[in-house]
Amino acid sequence: MSKNILVTGGAGYIGSHTVLQLLLGGYKAVVVDNLDNSSAVAIKRVKELAGEYARNLVFHRMDLRDRPALEEIFDSNKFDAVIHFAGLKAVGESVQKPLMYYNNNLIGTITLLEVMAARGCKNLVFSSSATVYGWPKVVPCTEESPINAANPYGRTKLFIEEICRDVHRSDSEWKIILLRYFNPVGAHPSGHIGEDPRGIPNNLMPFIQQVAVGRQHALTVYGSDYSTKDGTGVRDYIHIIDLADGHVAALKKLADPSIGCEVYNLGTGRGTSVLEMVAAFEKASGKKIPLVMAGRRPGDAEVVYAATEKAERELNWKAKYTIEEMCRDQWNWASKNPYGYEGCAHQNNNNSAPH
């Protein structure tokens with residue numbers, strides 16, 4: 001009997017790739033997503049890529065804060081575990097609209113945990129973030145590094161981690177794995193699913209991609225005077241498929257009787273600068289990416305990358321893909337879907353009313 005997993009936010013970038021890896025691994029997945037920042041097309045394409053396993057995927061459009069709807073889903077399924085991705089995730093927007101972020105991310109999670117507890121499902125993998133490390137004084141960041149988020153989005157991740165620790169302390173039946181992701185990039189090698197941010201992207205890679213397909217004129221590089229090898233910020237970029245496989249590894253780890261509430265970094269353990277990433281993307285795409293050098297952005301750290309030994313040792317997982325492969329797959333997705341999932345609609349409806 002295959003395990004039945006509830007995936008919140010499963011139509012999003014990380015969620016959709018993880019759902020595909022789950023299906024291919026023989027799991028059943030029930031996806032709930034309010035489609036605020038994602039697309040039903042992603043679910044359709046996951047089904048296409050999953051082939052015969054597509055029958056093990058069920059999708060419900062709903063908001064986690066809708067308790068009756070969530071209870072109904074738990075009443076009609078027996079879940080072995082929950083992978084919780086659902087949440088708003090734009091740092092800049094969170095600074096402008098903190099209450100929206102606290103309402104969506106915290107209340108959604110608390111409702112989920114309450115319904116899980118009431119229905120006796122106490123196995124959780126939570127999508128946390130390297131933003132909980134704030135501006136690290138020492139790199140690489142280990143799971144024991146001090147945590148101090150620098151913006152409301154990061155604080156929602158931090159608060160949810162603390163809530164999970166408290167829930168486990170209050171009831172030792174809970175098994176919770178908190179995954180702190182570094183910078184997910186790339187796309188499924190088929191080019192069929194990938195990242196499709198609404199509006200102007202917040203992250204480097206989708207921005208480079210939009211310049212390459214002609215949706216933006218140039219890439220703005222924030223900060224060229226950092227004390228790094230080329231003056232630009234350094235981050236730990238991880239291929240989305242490696243990240244998705246990390247979730248499958250975490251699910252397997254929940255079967256370990258010794259797991260309580262445990263934290264793992266998911267990254268490559270290597271730092272790549274903005275300019276190195278641009279060069280790798282130019283090579284993969286054959287496109288020149290025009291740059292505009294700008295001042296540092298408030299809240300940006302200089303160098304952040306992961307210590308990955310704990311995940312390698314305890315989850316038996318290691319990132320495999322290189323920066324070159326990340327750029328190759330990102331470009332494959334971008335060139336096939338220059339306007340993301342809703343591409344055809346956008347190009348044909350430029351003069352129609354917004355929907």
# chains A, B, ... in the order shown; residues from 1 in each chain; ligands from 1
>>> residues_around(residues="stretch 138-152 of chain A", least_positions_apart="2", cutoff="8 Å", atoms="only C-alpha atoms", output="VMD selection string")
chain A and resid 91 94 to 95 98 101 to 102 131 to 136 154 to 156 158 263 to 265 269 299 303 to 308
>>> write_last_selection(atoms="C-alpha atoms", output="mmCIF file, in the first residue's frame")
data_model
loop_
_atom_site.group_PDB
_atom_site.id
_atom_site.type_symbol
_atom_site.label_atom_id
_atom_site.label_comp_id
_atom_site.auth_asym_id
_atom_site.auth_seq_id
_atom_site.Cartn_x
_atom_site.Cartn_y
_atom_site.Cartn_z
ATOM 1 C CA VAL A 91 10.610 39.305 1.057
ATOM 2 C CA SER A 94 6.354 41.061 3.383
ATOM 3 C CA VAL A 95 8.036 44.297 4.505
ATOM 4 C CA PRO A 98 3.482 42.269 7.242
ATOM 5 C CA TYR A 101 2.131 37.530 5.677
ATOM 6 C CA TYR A 102 1.460 36.799 9.344
ATOM 7 C CA THR A 131 16.296 33.323 5.652
ATOM 8 C CA VAL A 132 16.044 32.230 9.304
ATOM 9 C CA TYR A 133 19.828 32.703 9.520
ATOM 10 C CA GLY A 134 19.434 36.435 8.805
ATOM 11 C CA TRP A 135 22.878 37.941 8.155
ATOM 12 C CA PRO A 136 25.159 35.108 9.218
ATOM 13 C CA GLY A 154 11.695 35.192 7.322
ATOM 14 C CA ARG A 155 10.076 35.738 10.724
ATOM 15 C CA THR A 156 7.015 33.741 9.674
ATOM 16 C CA LEU A 158 11.148 31.324 12.235
ATOM 17 C CA VAL A 263 16.206 20.611 11.390
ATOM 18 C CA TYR A 264 18.122 20.000 8.154
ATOM 19 C CA ASN A 265 19.740 22.384 5.685
ATOM 20 C CA GLY A 269 27.453 23.588 0.487
ATOM 21 C CA GLY A 299 18.404 43.378 4.263
ATOM 22 C CA VAL A 303 27.587 35.579 1.729
ATOM 23 C CA VAL A 304 25.218 32.756 2.649
ATOM 24 C CA TYR A 305 25.787 29.073 1.996
ATOM 25 C CA ALA A 306 24.883 25.852 3.733
ATOM 26 C CA ALA A 307 26.713 23.279 5.769
ATOM 27 C CA THR A 308 25.110 20.127 4.348
#
>>> closest_atom_pairs(of="stretch 210-294 of chain A", to="stretch 59-83 of chain A", cutoff="9 Å", atoms="only C-alpha atoms", output="JSON lines")
{"residue": "A:His247", "atom": "CA", "partner": "A:Ile83", "partner_atom": "CA", "distance": 8.0}
{"residue": "A:Leu251", "atom": "CA", "partner": "A:Ala81", "partner_atom": "CA", "distance": 7.7}
{"residue": "A:Leu254", "atom": "CA", "partner": "A:Ala81", "partner_atom": "CA", "distance": 8.6}
>>> atom_distance(atom1="atom CA of A:Ser172", atom2="atom CA of A:Leu124")
13.0 Å
>>> residues_around(residues="A:Ile200", least_positions_apart="5", cutoff="10 Å", atoms="only C-alpha atoms", output="PyMOL selection string")
chain A and resi 206-207+210+215-216
>>> closest_residue(among="A:Gln96, A:Ile208, A:Gly271, A:Ser335", to="A:Thr220", atoms="only C-alpha atoms")
A:Ile208
>>> select_by_dssp(residues="stretch 134-296 of chain A", states="helix (DSSP H, G or I)", output="PyMOL selection string")
chain A and resi 152-170+204-212+240-253+274-285
>>> closest_residue(among="A:Met293, A:Ile238, A:Met326, A:Cys261", to="A:Ser170", atoms="only C-alpha atoms")
A:Cys261
>>> closest_residue(among="A:Asp256, A:Asp242, A:Glu161, A:Glu195", to="A:Asn332", atoms="only C-alpha atoms")
A:Glu195
>>> residues_around(residues="A:Pro298", least_positions_apart="2", cutoff="10 Å", atoms="only C-alpha atoms", output="VMD selection string")
chain A and resid 150 222 295 to 296 300 to 301
>>> residues_around(residues="A:Ala40", least_positions_apart="3", cutoff="9 Å", atoms="only C-alpha atoms", output="PyMOL selection string")
chain A and resi 11+33+35+43-45+59+61+341
>>> residues_around(residues="A:Leu23", least_positions_apart="3", cutoff="9 Å", atoms="only C-alpha atoms", output="PyMOL selection string")
chain A and resi 18-20+26-29+50+53-54+56-57
>>> atom_distance(atom1="atom CA of A:Ala249", atom2="atom CA of A:Leu315")
5.7 Å
>>> select_by_dssp(residues="stretch 133-335 of chain A", states="strand (DSSP E)", output="PyMOL selection string")
chain A and resi 175-181+183-185+219-222+234-235+237-239+261-266+272-273+291-294
>>> write_last_selection(atoms="C-alpha atoms", output="short mmCIF file (atom, residue, chain, number, x, y, z; two decimals), in the first residue's frame")
data_model
loop_
_atom_site.label_atom_id
_atom_site.label_comp_id
_atom_site.auth_asym_id
_atom_site.auth_seq_id
_atom_site.Cartn_x
_atom_site.Cartn_y
_atom_site.Cartn_z
CA LYS A 175 7.53 13.80 14.33
CA ILE A 176 8.52 16.98 12.52
CA ILE A 177 11.32 17.71 10.07
CA LEU A 178 12.10 21.35 9.35
CA LEU A 179 13.90 21.78 6.02
CA ARG A 180 15.83 25.02 5.62
CA TYR A 181 16.22 25.57 1.89
CA ASN A 183 18.24 29.11 -3.13
CA PRO A 184 16.17 26.76 -5.32
CA VAL A 185 16.71 27.21 -9.06
CA LEU A 219 19.27 42.47 -14.76
CA THR A 220 19.75 44.82 -11.82
CA VAL A 221 22.65 43.62 -9.65
CA TYR A 222 22.27 44.92 -6.10
CA VAL A 234 27.19 34.93 -2.85
CA ARG A 235 24.42 32.37 -2.36
CA TYR A 237 21.90 27.65 -5.33
CA ILE A 238 20.31 24.20 -5.33
CA HIS A 239 18.63 22.44 -8.26
CA CYS A 261 11.58 17.79 15.82
CA GLU A 262 14.68 17.94 13.67
CA VAL A 263 16.21 20.61 11.39
CA TYR A 264 18.12 20.00 8.15
CA ASN A 265 19.74 22.38 5.69
CA LEU A 266 19.12 21.59 2.03
CA THR A 272 28.11 31.07 -6.19
CA SER A 273 28.24 34.82 -6.85
CA LEU A 291 23.51 44.27 -16.34
CA VAL A 292 22.70 47.41 -14.38
CA MET A 293 24.87 47.73 -11.30
CA ALA A 294 23.00 49.21 -8.34
#
>>> closest_residue(among="A:Gly246, A:Gly223, A:Pro290, A:Gly340", to="A:Lys320", atoms="only C-alpha atoms")
A:Gly246
>>> closest_residue(among="A:Asn337, A:Asn202, A:Thr111, A:Ser129", to="A:Gly267", atoms="only C-alpha atoms")
A:Ser129
>>> closest_residue(among="A:Thr8, A:Ser227, A:Thr109, A:Ser39", to="A:Pro197", atoms="only C-alpha atoms")
A:Ser39
>>> residues_around(residues="A:Val278", least_positions_apart="4", cutoff="9 Å", atoms="only C-alpha atoms", output="PyMOL selection string")
chain A and resi 205+208+273-274+282-283+289
>>> atom_distance(atom1="atom CA of A:His217", atom2="atom CA of A:Pro201")
13.3 Å
